[in-house]
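In what follows, a single structure is set out as structure tokens and then discussed.
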Amino acid sequence: ALKANAEKQLNEARKLFHVELTECMKPQEGWEERKLGEVCEVISGQSPEGKYYNTDGQGTPFYQGKKEFSFKYIGEPTMWTTAETKIATKGDLLMSVRAPVGDVNFATQRLCIGRGLAAIRTKEEIDKEYLFYYLVGKKSCIKGKEGVGFASINRKEIMDIGIQYPEDLSAQHSIVSHLDSLSSTIRKLEELQQKTLAECDALKQAMLREVFE
């Protein structure tokens, strides 16, 4: 019952966050409507030859897909390459372009991206944090082509994604600040849930030992 309650609370909080995210992104008077490619540079990933891969930290951090994605910032690398192909820089948005399509995270350092990712580099008129939340809210609408075994999205399709945003950067920053606060609450609830689940599992094991020993 404790585990079910913790999971229910987290799920409800996530639903509320997405409701608020949708509300924040509703276009208002003075908002711009553009294609993503008009306000961002999009860089398609390209994988180096396998012979250049290593797990010893030699060369440039290499990410093939969204395996290391978290809520907002990509995790520590598990693979490196000594031959660079396509590069993302710190602060670029990374989008998963193979199933699942549309997930986004921020690059935390200069890194090499493989075929499963694209880098999105914003221009001056749009705040990268605002674009992050916009794409999170739009994920269900970002559809890739159904290929053999998985869906994928190409560079042109990413550039053609429609985006809407306040022309005033300070308004974008205000929306980001509000959503950052809400997402921080979600992260704290996730930590609490994980702690609760671990404590429940430990309690169950202790009770089992008491019964059977």
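Here, A, B, ... name the chains of the structure tokens in the order displayed, residue numbers run from 1 inside each chain, and ligands are numbered from 1 in the same displayed order.
Residues in contact range of Asp168 in chain A, defined as at most 10 Å between only C-alpha atoms, with sequence neighbours fewer than 2 positions away removed, read Gly30, Trp31, Glu32, Glu125, Ile126, Tyr165, Pro166, Ser170, Ala171, Gln172 and His173 of chain A.
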What does the file look like for those residues with C-alpha atoms, as an mmCIF file, in the first residue's frame?
```cif
data_model
loop_
_atom_site.group_PDB
_atom_site.id
_atom_site.type_symbol
_atom_site.label_atom_id
_atom_site.label_comp_id
_atom_site.auth_asym_id
_atom_site.auth_seq_id
_atom_site.Cartn_x
_atom_site.Cartn_y
_atom_site.Cartn_z
ATOM 1 C CA GLY A 30 2.515 38.987 -29.622
ATOM 2 C CA TRP A 31 3.812 35.420 -29.984
ATOM 3 C CA GLU A 32 5.893 34.397 -32.998
ATOM 4 C CA GLU A 125 15.638 35.117 -30.712
ATOM 5 C CA ILE A 126 14.711 32.030 -28.709
ATOM 6 C CA TYR A 165 7.095 31.608 -28.555
ATOM 7 C CA PRO A 166 6.827 35.096 -27.034
ATOM 8 C CA SER A 170 11.987 38.199 -20.782
ATOM 9 C CA ALA A 171 8.571 36.530 -21.227
ATOM 10 C CA GLN A 172 10.318 33.329 -22.331
ATOM 11 C CA HIS A 173 12.554 33.513 -19.240
#
```
* To do: Among the residues of chain A, find those DSSP assigns to alpha helix (DSSP H) from the backbone and print them as JSON, numbers by chain.
  => {"A": [2, 3, 4, 5, 6, 7, 8, 9, 10, 11, 12, 13, 14, 15, 16, 17, 18, 19, 20, 21, 22, 23, 24, 36, 37, 38, 39, 128, 129, 130, 131, 132, 133, 134, 135, 136, 137, 138, 155, 156, 157, 158, 159, 169, 170, 171, 172, 173, 174, 175, 176, 177, 178, 179, 180, 181, 182, 183, 184, 185, 186, 187, 188, 189, 190, 191, 192, 193, 194, 195, 196, 197, 198, 199, 200, 201, 202, 203, 204, 205, 206, 207, 208, 209, 210, 211, 212]}
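If you count only C-alpha atoms and ignore residues fewer than 6 places along the chain from Ile120 in chain A, what sits within 6 Å of it is Glu41, Val42, Asp92 and Leu93 of chain A.
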Take the residues just selected and output them with N, CA, C and O atoms as a CSV table (one decimal), in the first residue's frame.
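Okay, part_14.csv is ready:
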```
chain,number,residue,atom,x,y,z
A,41,GLU,N,19.9,26.0,-35.5
A,41,GLU,CA,20.8,25.2,-36.4
A,41,GLU,C,20.6,23.7,-36.0
A,41,GLU,O,20.6,23.4,-34.8
A,42,VAL,N,20.3,22.9,-36.9
A,42,VAL,CA,20.1,21.4,-36.6
A,42,VAL,C,21.3,20.6,-37.2
A,42,VAL,O,21.6,20.8,-38.4
A,92,ASP,N,23.8,22.7,-26.2
A,92,ASP,CA,23.0,22.3,-27.3
A,92,ASP,C,21.9,21.3,-26.8
A,92,ASP,O,22.1,20.6,-25.9
A,93,LEU,N,20.8,21.4,-27.5
A,93,LEU,CA,19.7,20.4,-27.2
A,93,LEU,C,20.0,19.2,-28.0
A,93,LEU,O,20.4,19.3,-29.2
```
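Across the model, the gap from CA of Gly116 in chain A to CA of Gln64 in chain A is 5.4 Å.
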* All residues 12 Å or closer to Lys15 in chain A, only C-alpha atoms, same chain fewer than 6 positions away omitted, as an MDAnalysis selection string -> chainID A and resid 8:9 21:22 137 182:183 186
Include N, CA, C and O atoms and write out the residues we just selected as a PDB file, in the first residue's frame.
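out-v3.pdb, written as the output of this step:
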```pdb
ATOM      1  N   LYS A   8       1.337   6.600  -6.919  1.00  0.00           N
ATOM      2  CA  LYS A   8       0.153   7.387  -7.277  1.00  0.00           C
ATOM      3  C   LYS A   8       0.431   8.882  -7.145  1.00  0.00           C
ATOM      4  O   LYS A   8       0.078   9.682  -8.016  1.00  0.00           O
ATOM      5  N   GLN A   9       1.088   9.263  -6.043  1.00  0.00           N
ATOM      6  CA  GLN A   9       1.397  10.683  -5.823  1.00  0.00           C
ATOM      7  C   GLN A   9       2.303  11.227  -6.924  1.00  0.00           C
ATOM      8  O   GLN A   9       2.101  12.334  -7.420  1.00  0.00           O
ATOM      9  N   LEU A  21       2.352  22.772 -18.162  1.00  0.00           N
ATOM     10  CA  LEU A  21       3.237  22.978 -19.319  1.00  0.00           C
ATOM     11  C   LEU A  21       2.417  23.333 -20.553  1.00  0.00           C
ATOM     12  O   LEU A  21       2.743  24.282 -21.283  1.00  0.00           O
ATOM     13  N   THR A  22       1.345  22.597 -20.784  1.00  0.00           N
ATOM     14  CA  THR A  22       0.465  22.870 -21.923  1.00  0.00           C
ATOM     15  C   THR A  22      -0.138  24.262 -21.822  1.00  0.00           C
ATOM     16  O   THR A  22      -0.216  25.004 -22.818  1.00  0.00           O
ATOM     17  N   GLY A 137       6.772  19.418 -24.230  1.00  0.00           N
ATOM     18  CA  GLY A 137       5.322  19.446 -24.330  1.00  0.00           C
ATOM     19  C   GLY A 137       4.800  18.986 -25.674  1.00  0.00           C
ATOM     20  O   GLY A 137       3.665  18.526 -25.790  1.00  0.00           O
ATOM     21  N   LEU A 182       8.369  24.082 -10.954  1.00  0.00           N
ATOM     22  CA  LEU A 182       7.484  22.922 -10.910  1.00  0.00           C
ATOM     23  C   LEU A 182       8.255  21.620 -11.130  1.00  0.00           C
ATOM     24  O   LEU A 182       8.022  20.621 -10.443  1.00  0.00           O
ATOM     25  N   SER A 183       9.183  21.640 -12.094  1.00  0.00           N
ATOM     26  CA  SER A 183       9.932  20.413 -12.382  1.00  0.00           C
ATOM     27  C   SER A 183      10.843  20.041 -11.218  1.00  0.00           C
ATOM     28  O   SER A 183      11.093  18.859 -10.959  1.00  0.00           O
ATOM     29  N   ILE A 186       8.843  18.003  -8.937  1.00  0.00           N
ATOM     30  CA  ILE A 186       8.701  16.635  -9.458  1.00  0.00           C
ATOM     31  C   ILE A 186       9.947  15.814  -9.143  1.00  0.00           C
ATOM     32  O   ILE A 186       9.863  14.660  -8.716  1.00  0.00           O
TER      33      ILE A 186
END
```
* To do: Could you give me the residues within range 12-143 of chain A that DSSP places in strand (DSSP E), as a PyMOL selection string?
  => chain A and resi 31-35+40-44+53-54+60-63+80-81+86-88+93-96+104-106+111-113+117-122
Could you write out that same residue set with C-alpha atoms as a tab-separated table (two decimals), in the first residue's frame?
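Produced file out_17.tsv, reproduced below:
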```tsv
chain	number	residue	atom	x	y	z
A	31	TRP	CA	3.81	35.42	-29.98
A	32	GLU	CA	5.89	34.40	-33.00
A	33	GLU	CA	5.10	31.29	-35.05
A	34	ARG	CA	8.06	29.88	-36.95
A	35	LYS	CA	9.63	26.64	-38.08
A	40	CYS	CA	17.90	27.02	-34.75
A	41	GLU	CA	20.76	25.19	-36.39
A	42	VAL	CA	20.12	21.43	-36.64
A	43	ILE	CA	23.06	19.02	-36.81
A	44	SER	CA	22.41	15.37	-37.69
A	53	TYR	CA	35.38	3.53	-29.93
A	54	ASN	CA	36.74	2.95	-26.43
A	60	THR	CA	35.74	12.78	-27.18
A	61	PRO	CA	32.66	11.60	-25.23
A	62	PHE	CA	30.40	9.72	-27.68
A	63	TYR	CA	26.65	9.26	-27.43
A	80	TRP	CA	34.46	7.75	-26.17
A	81	THR	CA	35.83	8.08	-29.70
A	86	LYS	CA	29.43	15.41	-35.80
A	87	ILE	CA	29.93	17.56	-32.69
A	88	ALA	CA	27.47	19.04	-30.18
A	93	LEU	CA	19.73	20.41	-27.19
A	94	LEU	CA	20.08	16.75	-28.13
A	95	MET	CA	17.04	15.09	-29.72
A	96	SER	CA	16.50	11.37	-30.04
A	104	VAL	CA	15.34	15.97	-25.62
A	105	ASN	CA	18.20	16.63	-23.21
A	106	PHE	CA	20.93	19.23	-22.84
A	111	LEU	CA	30.63	15.65	-27.39
A	112	CYS	CA	30.34	13.53	-30.51
A	113	ILE	CA	26.85	12.42	-31.59
A	117	LEU	CA	20.81	11.87	-32.08
A	118	ALA	CA	20.59	15.34	-33.57
A	119	ALA	CA	21.92	18.55	-31.98
A	120	ILE	CA	19.74	21.67	-31.94
A	121	ARG	CA	21.57	24.98	-31.44
A	122	THR	CA	19.33	27.98	-30.79
```
